[in-house]
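Student: So that you have it, the file is query_20.pdb, and it contains PDB, C-alpha atoms:
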MODEL        1
ATOM      1  CA  MET J   1       0.000   0.000   0.000
ATOM      2  CA  LYS J   2       2.776   2.375   0.950
ATOM      3  CA  ARG J   3       4.631   1.474  -2.227
ATOM      4  CA  LYS J   4       1.515   2.348  -4.205
ATOM      5  CA  LEU J   5       1.234   5.634  -2.347
ATOM      6  CA  ASN J   6       4.885   6.400  -3.144
ATOM      7  CA  SER J   7       4.328   5.704  -6.809
ATOM      8  CA  LEU J   8       1.170   7.784  -6.810
ATOM      9  CA  LEU J   9       2.880  10.775  -5.196
ATOM     10  CA  LEU J  10       5.814  10.503  -7.545
ATOM     11  CA  ALA J  11       3.530  10.221 -10.556
ATOM     12  CA  LEU J  12       1.654  13.272  -9.303
ATOM     13  CA  ALA J  13       4.903  15.214  -9.002
ATOM     14  CA  LEU J  14       5.943  14.156 -12.482
ATOM     15  CA  SER J  15       2.606  15.034 -14.009
ATOM     16  CA  LEU J  16       3.009  18.633 -12.949
ATOM     17  CA  SER J  17       4.659  20.979 -15.411
ATOM     18  CA  PRO J  18       8.467  20.783 -15.341
ATOM     19  CA  GLY J  19       8.655  24.279 -13.909
ATOM     20  CA  VAL J  20       6.788  23.047 -10.878
ATOM     21  CA  ILE J  21       8.847  19.912 -10.242
ATOM     22  CA  THR J  22      11.506  21.183  -7.959
ATOM     23  CA  VAL J  23      13.677  19.887  -5.273
ATOM     24  CA  THR J  24      11.190  21.456  -2.902
ATOM     25  CA  THR J  25       8.501  19.303  -4.462
ATOM     26  CA  LEU J  26      10.667  16.267  -3.912
ATOM     27  CA  ALA J  27      12.056  17.147  -0.507
ATOM     28  CA  PRO J  28       8.701  17.295   1.302
ATOM     29  CA  LEU J  29       7.915  14.027  -0.428
ATOM     30  CA  ALA J  30      11.136  12.656   0.985
ATOM     31  CA  LEU J  31      10.295  13.951   4.427
ATOM     32  CA  THR J  32       6.763  12.555   4.430
ATOM     33  CA  GLN J  33       7.778   9.277   2.885
ATOM     34  CA  THR J  34      10.916   8.639   4.864
ATOM     35  CA  GLY J  35       9.217   9.946   7.967
ATOM     36  CA  CYS J  36       6.420   7.380   7.738
ATOM     37  CA  LYS J  37       8.366   4.563   6.162
ATOM     38  CA  ALA J  38       8.600   1.662   8.584
ATOM     39  CA  LEU J  39      12.162   0.613   9.170
ATOM     40  CA  ALA J  40      13.277  -2.970   9.197
ATOM     41  CA  PRO J  41      12.941  -4.381  12.749
ATOM     42  CA  GLU J  42      16.701  -4.661  13.255
ATOM     43  CA  ALA J  43      17.455  -1.238  11.763
ATOM     44  CA  ASP J  44      19.076   1.539  13.775
ATOM     45  CA  PRO J  45      16.836   4.566  13.123
ATOM     46  CA  ILE J  46      19.646   7.048  13.782
ATOM     47  CA  ALA J  47      21.866   5.487  11.136
ATOM     48  CA  VAL J  48      19.096   4.969   8.581
ATOM     49  CA  ARG J  49      17.708   8.495   8.927
ATOM     50  CA  ALA J  50      21.220   9.924   8.773
ATOM     51  CA  GLU J  51      21.905   8.041   5.549
ATOM     52  CA  GLN J  52      18.637   9.349   4.114
ATOM     53  CA  ALA J  53      19.527  12.909   5.098
ATOM     54  CA  ILE J  54      23.045  12.645   3.647
ATOM     55  CA  ASP J  55      21.821  11.051   0.410
ATOM     56  CA  SER J  56      19.021  13.634   0.024
ATOM     57  CA  ALA J  57      21.413  16.513   0.620
ATOM     58  CA  LEU J  58      23.771  15.239  -2.071
ATOM     59  CA  GLU J  59      20.913  14.846  -4.567
ATOM     60  CA  ALA J  60      19.520  18.310  -3.864
ATOM     61  CA  MET J  61      22.939  19.980  -4.129
ATOM     62  CA  ASN J  62      23.793  18.083  -7.303
ATOM     63  CA  LEU J  63      20.488  19.088  -8.865
ATOM     64  CA  TYR J  64      21.031  22.742  -8.032
ATOM     65  CA  VAL J  65      24.605  22.988  -9.346
ATOM     66  CA  ASN J  66      23.465  21.310 -12.576
ATOM     67  CA  ILE J  67      20.526  23.680 -12.984
ATOM     68  CA  GLU J  68      22.756  26.681 -12.311
ATOM     69  CA  LYS J  69      25.381  25.514 -14.802
ATOM     70  CA  ASP J  70      22.841  24.739 -17.531
ATOM     71  CA  ASN J  71      21.175  28.151 -17.170
ATOM     72  CA  ARG J  72      24.089  30.266 -16.019
ATOM     73  CA  THR J  73      23.800  33.205 -18.378
ATOM     74  CA  LEU J  74      20.120  33.718 -17.751
ATOM     75  CA  LEU J  75      20.358  33.276 -13.977
ATOM     76  CA  TRP J  76      23.416  35.536 -13.774
ATOM     77  CA  SER J  77      21.503  38.256 -15.600
ATOM     78  CA  LYS J  78      18.712  38.056 -13.002
ATOM     79  CA  SER J  79      20.854  37.793  -9.877
ATOM     80  CA  HIS J  80      24.482  37.044  -9.156
ATOM     81  CA  ASP J  81      23.361  35.206  -6.022
ATOM     82  CA  PHE J  82      22.452  32.097  -8.033
ATOM     83  CA  LYS J  83      26.093  31.533  -8.967
ATOM     84  CA  MET J  84      27.425  32.663  -5.602
ATOM     85  CA  VAL J  85      25.293  30.066  -3.821
ATOM     86  CA  ALA J  86      26.177  27.400  -6.406
ATOM     87  CA  ASP J  87      29.886  28.169  -6.081
ATOM     88  CA  LYS J  88      29.658  27.952  -2.301
ATOM     89  CA  ILE J  89      28.078  24.509  -2.695
ATOM     90  CA  ARG J  90      30.747  23.565  -5.252
ATOM     91  CA  ALA J  91      33.498  24.640  -2.892
ATOM     92  CA  GLN J  92      32.128  23.064   0.290
ATOM     93  CA  GLY J  93      29.098  20.870  -0.415
ATOM     94  CA  LEU J  94      30.902  17.618  -1.119
ATOM     95  CA  ASN J  95      33.177  18.183   1.878
ATOM     96  CA  TRP J  96      30.110  18.608   4.085
ATOM     97  CA  VAL J  97      28.605  15.398   2.702
ATOM     98  CA  GLU J  98      31.867  13.503   3.132
ATOM     99  CA  SER J  99      32.305  14.842   6.638
ATOM    100  CA  ALA J 100      28.778  13.736   7.564
ATOM    101  CA  GLU J 101      29.501  10.314   6.058
ATOM    102  CA  ASN J 102      32.706  10.045   8.134
ATOM    103  CA  THR J 103      30.789  11.038  11.255
ATOM    104  CA  LEU J 104      28.159   8.428  10.409
ATOM    105  CA  ASP J 105      30.887   5.790  10.092
ATOM    106  CA  ALA J 106      32.211   6.768  13.513
ATOM    107  CA  TYR J 107      28.690   6.496  14.941
ATOM    108  CA  LYS J 108      28.191   3.063  13.376
ATOM    109  CA  ALA J 109      31.443   1.879  14.936
ATOM    110  CA  SER J 110      30.406   2.964  18.438
ATOM    111  CA  ARG J 111      26.580   3.422  18.458
ATOM    112  CA  ASP J 112      26.915   5.668  21.495
ATOM    113  CA  GLU J 113      25.371   9.011  22.421
ATOM    114  CA  LEU J 114      28.556  11.007  21.984
ATOM    115  CA  HIS J 115      28.932   9.971  18.356
ATOM    116  CA  ALA J 116      25.190  10.380  17.777
ATOM    117  CA  SER J 117      25.603  13.960  18.948
ATOM    118  CA  HIS J 118      28.548  14.508  16.578
ATOM    119  CA  LEU J 119      26.444  13.076  13.794
ATOM    120  CA  ASN J 120      23.620  15.494  14.583
ATOM    121  CA  THR J 121      26.031  18.420  14.372
ATOM    122  CA  ALA J 122      27.260  17.272  10.951
ATOM    123  CA  LEU J 123      23.673  16.828   9.761
ATOM    124  CA  ASP J 124      22.784  20.333  10.959
ATOM    125  CA  VAL J 125      25.392  21.728   8.554
ATOM    126  CA  LEU J 126      23.821  19.770   5.716
ATOM    127  CA  LYS J 127      20.316  20.890   6.694
ATOM    128  CA  ALA J 128      21.358  24.535   6.606
ATOM    129  CA  ALA J 129      22.892  24.066   3.157
ATOM    130  CA  LEU J 130      19.804  22.193   1.999
ATOM    131  CA  THR J 131      17.513  25.022   3.082
ATOM    132  CA  GLU J 132      19.494  27.512   0.994
ATOM    133  CA  VAL J 133      19.712  25.151  -1.975
ATOM    134  CA  GLN J 134      15.960  24.551  -1.906
ATOM    135  CA  GLN J 135      15.281  28.268  -1.761
ATOM    136  CA  TYR J 136      17.527  29.024  -4.746
ATOM    137  CA  THR J 137      16.341  26.018  -6.745
ATOM    138  CA  ASP J 138      12.804  27.318  -6.383
ATOM    139  CA  LEU J 139      13.870  30.820  -7.383
ATOM    140  CA  ALA J 140      15.803  29.482 -10.376
ATOM    141  CA  LEU J 141      12.838  27.503 -11.588
ATOM    142  CA  LYS J 142      10.609  30.544 -11.283
ATOM    143  CA  THR J 143      13.164  32.629 -13.164
ATOM    144  CA  ILE J 144      13.639  30.341 -16.124
ATOM    145  CA  PRO J 145      10.822  30.854 -18.614
ATOM    146  CA  VAL J 146       8.674  27.845 -19.294
ATOM    147  CA  LYS J 147       7.128  27.824 -22.731
ATOM    148  CA  THR J 148       3.695  26.269 -22.629
ATOM    149  CA  PRO J 149       2.532  24.676 -25.866
TER     150      PRO J 149
ATOM    151  CA  MET U   1      13.614  28.906 -24.701
ATOM    152  CA  LEU U   2      13.053  25.169 -24.786
ATOM    153  CA  ILE U   3      16.662  24.182 -24.101
ATOM    154  CA  PRO U   4      16.714  25.296 -20.450
ATOM    155  CA  LEU U   5      13.440  23.477 -19.979
ATOM    156  CA  LEU U   6      14.879  20.270 -21.406
ATOM    157  CA  SER U   7      18.010  20.504 -19.292
ATOM    158  CA  PHE U   8      15.814  20.932 -16.216
ATOM    159  CA  ALA U   9      13.769  17.922 -17.113
ATOM    160  CA  GLU U  10      16.919  15.913 -17.772
ATOM    161  CA  SER U  11      18.520  16.895 -14.457
ATOM    162  CA  ILE U  12      15.357  16.004 -12.587
ATOM    163  CA  MET U  13      14.720  12.779 -14.441
ATOM    164  CA  ASN U  14      18.303  11.651 -13.842
ATOM    165  CA  SER U  15      17.906  12.122 -10.109
ATOM    166  CA  ILE U  16      14.539  10.380  -9.746
ATOM    167  CA  PRO U  17      15.841   6.797  -9.312
ATOM    168  CA  ARG U  18      18.078   8.009  -6.514
ATOM    169  CA  TRP U  19      15.205   9.865  -4.822
ATOM    170  CA  ILE U  20      13.111   6.688  -5.021
ATOM    171  CA  ALA U  21      15.926   4.687  -3.441
ATOM    172  CA  ILE U  22      16.149   7.264  -0.650
ATOM    173  CA  PHE U  23      12.373   7.173  -0.041
ATOM    174  CA  ASN U  24      12.321   3.396   0.114
ATOM    175  CA  LYS U  25      15.241   2.956   2.452
ATOM    176  CA  LYS U  26      14.317   0.683   5.372
ATOM    177  CA  LYS U  27      17.691  -0.311   6.729
ATOM    178  CA  GLU U  28      21.285   0.829   6.722
ATOM    179  CA  GLY U  29      23.199   0.656   3.510
ATOM    180  CA  THR U  30      25.723  -2.154   3.271
ATOM    181  CA  PRO U  31      29.411  -1.233   3.417
ATOM    182  CA  GLU U  32      29.502  -1.855  -0.337
ATOM    183  CA  GLU U  33      26.609   0.552  -0.928
ATOM    184  CA  ARG U  34      28.243   3.249   1.178
ATOM    185  CA  ALA U  35      31.524   2.658  -0.663
ATOM    186  CA  GLU U  36      29.616   3.245  -3.902
ATOM    187  CA  PHE U  37      28.223   6.443  -2.404
ATOM    188  CA  ARG U  38      31.759   7.645  -1.662
ATOM    189  CA  LYS U  39      32.794   6.762  -5.207
ATOM    190  CA  ARG U  40      29.896   8.877  -6.451
ATOM    191  CA  ILE U  41      31.091  11.823  -4.358
ATOM    192  CA  ALA U  42      34.565  11.414  -5.857
ATOM    193  CA  ALA U  43      33.076  11.288  -9.370
ATOM    194  CA  LEU U  44      30.995  14.407  -8.757
ATOM    195  CA  ARG U  45      34.103  16.285  -7.621
ATOM    196  CA  LYS U  46      35.466  15.804 -11.130
ATOM    197  CA  SER U  47      32.207  16.445 -12.966
ATOM    198  CA  ALA U  48      31.695  19.612 -14.986
ATOM    199  CA  ALA U  49      28.742  20.883 -12.960
ATOM    200  CA  TRP U  50      30.810  20.907  -9.772
ATOM    201  CA  GLN U  51      33.719  22.955 -11.134
ATOM    202  CA  ILE U  52      33.915  26.602 -10.135
ATOM    203  CA  GLU U  53      34.144  28.624 -13.317
ATOM    204  CA  PRO U  54      34.690  32.326 -13.884
ATOM    205  CA  ASN U  55      31.665  34.546 -13.551
ATOM    206  CA  PRO U  56      29.936  35.593 -16.760
ATOM    207  CA  ILE U  57      30.727  39.089 -17.954
ATOM    208  CA  ASP U  58      27.988  41.596 -17.252
ATOM    209  CA  PRO U  59      26.788  43.517 -20.282
ATOM    210  CA  ASP U  60      28.034  47.084 -20.474
ATOM    211  CA  PRO U  61      25.113  49.245 -19.274
ATOM    212  CA  THR U  62      26.153  52.005 -21.671
ATOM    213  CA  ASP U  63      25.629  49.710 -24.685
TER     214      ASP U  63
ENDMDL
END
Mind turning the file's structure into structure tokens?
Tutor:
Amino acid sequence: MKRKLNSLLLALALSLSPGVITVTTLAPLALTQTGCKALAPEADPIAVRAEQAIDSALEAMNLYVNIEKDNRTLLWSKSHDFKMVADKIRAQGLNWVESAENTLDAYKASRDELHASHLNTALDVLKAALTEVQQYTDLALKTIPVKTP
Amino acid sequence: MLIPLLSFAESIMNSIPRWIAIFNKKKEGTPEERAEFRKRIAALRKSAAWQIEPNPIDPDPTD
């Protein structure tokens, strides 16, 4: 049933016009779906949710830097912030993801509260970056003209 | 006008399988899966979209 619901939500997102499918369309989907998704009985929720957060952050950042590169001239003409944010992600984003992944590895090796706390700190950095990326992805998609047939 | 639209669609479509995998995650990734994830990070570091390039030149306002 949940799988059907996932497919339905995804199909709904895809049926919208391309200008409306954004990372912010997908991210709430991710939050609602991962939030409700039952974990395997033996799964460690901290590790699984951390992996989901790290993977989502990488996808969202990768999507944004691709959109910015593919539409650079237009976006630059509207606001230099699009490239500034993208370049900040290019300079630091993969380091943040890798750092979170290292912290996750350390947590998996110990499974204690101290390392869980370190992991939370690393995820907070990713969440902050994700918020900015989502905001600018939305703005970029609103800026780029969509020709309706 | 249509080219940016197509590149959007392509970027989004390319990422969909990964989003689905993220949504459906029920347990921790295996060490092999996480090693693949690290390989992907390394590949992205070298990819064109992740390179910092010079800023475009602003048009001369007097033109």
Student: Just so the selection is clear, what residues does the PyMOL selection byres ((chain U and resi 18) around 12) cover here, as a ChimeraX atom specification?
Tutor: /J:26,30,52,55-60,62-63 /U:11-17,19-25,37,40
Student: What's the separation between atom CA of J:Ala43 and atom CA of J:His118, in Å to one decimal place?
Tutor: 19.9 Å
Student: At a cut-off of 6 Å, which residues of chain U touch chain J? Count only C-alpha atoms and give the answer as a PyMOL selection string.
Tutor: chain U and resi 22-23+26-28+49-50+52
Student: Tell me, in Å to one decimal, how far atom CA of U:Leu6 is from atom CA of U:Gln51.
Tutor: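 Separating atom CA of U:Leu6 from atom CA of U:Gln51 is a distance of 21.6 Å.
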Student: What separation in Å, quoted to one decimal, exists between atom CA of U:Glu53 and atom CA of J:Lys78?
Tutor: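 Atom CA of U:Glu53 sits 18.1 Å away from atom CA of J:Lys78.
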Student: Show which residues sit within 8 Å of J:Thr103, as number ranges by chain. Count only C-alpha atoms, and ignore same-chain residues fewer than 2 positions away.
Tutor: J: 99-101, 105-107, 115, 118-119, 122
Student: Here is a test: counting only C-alpha atoms, which residue of U:Arg45, U:Phe8, U:Glu36, U:Thr62 is nearest to J:Gln92?
Tutor: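 When distances to J:Gln92 are compared using only C-alpha atoms, the smallest one comes from U:Arg45.
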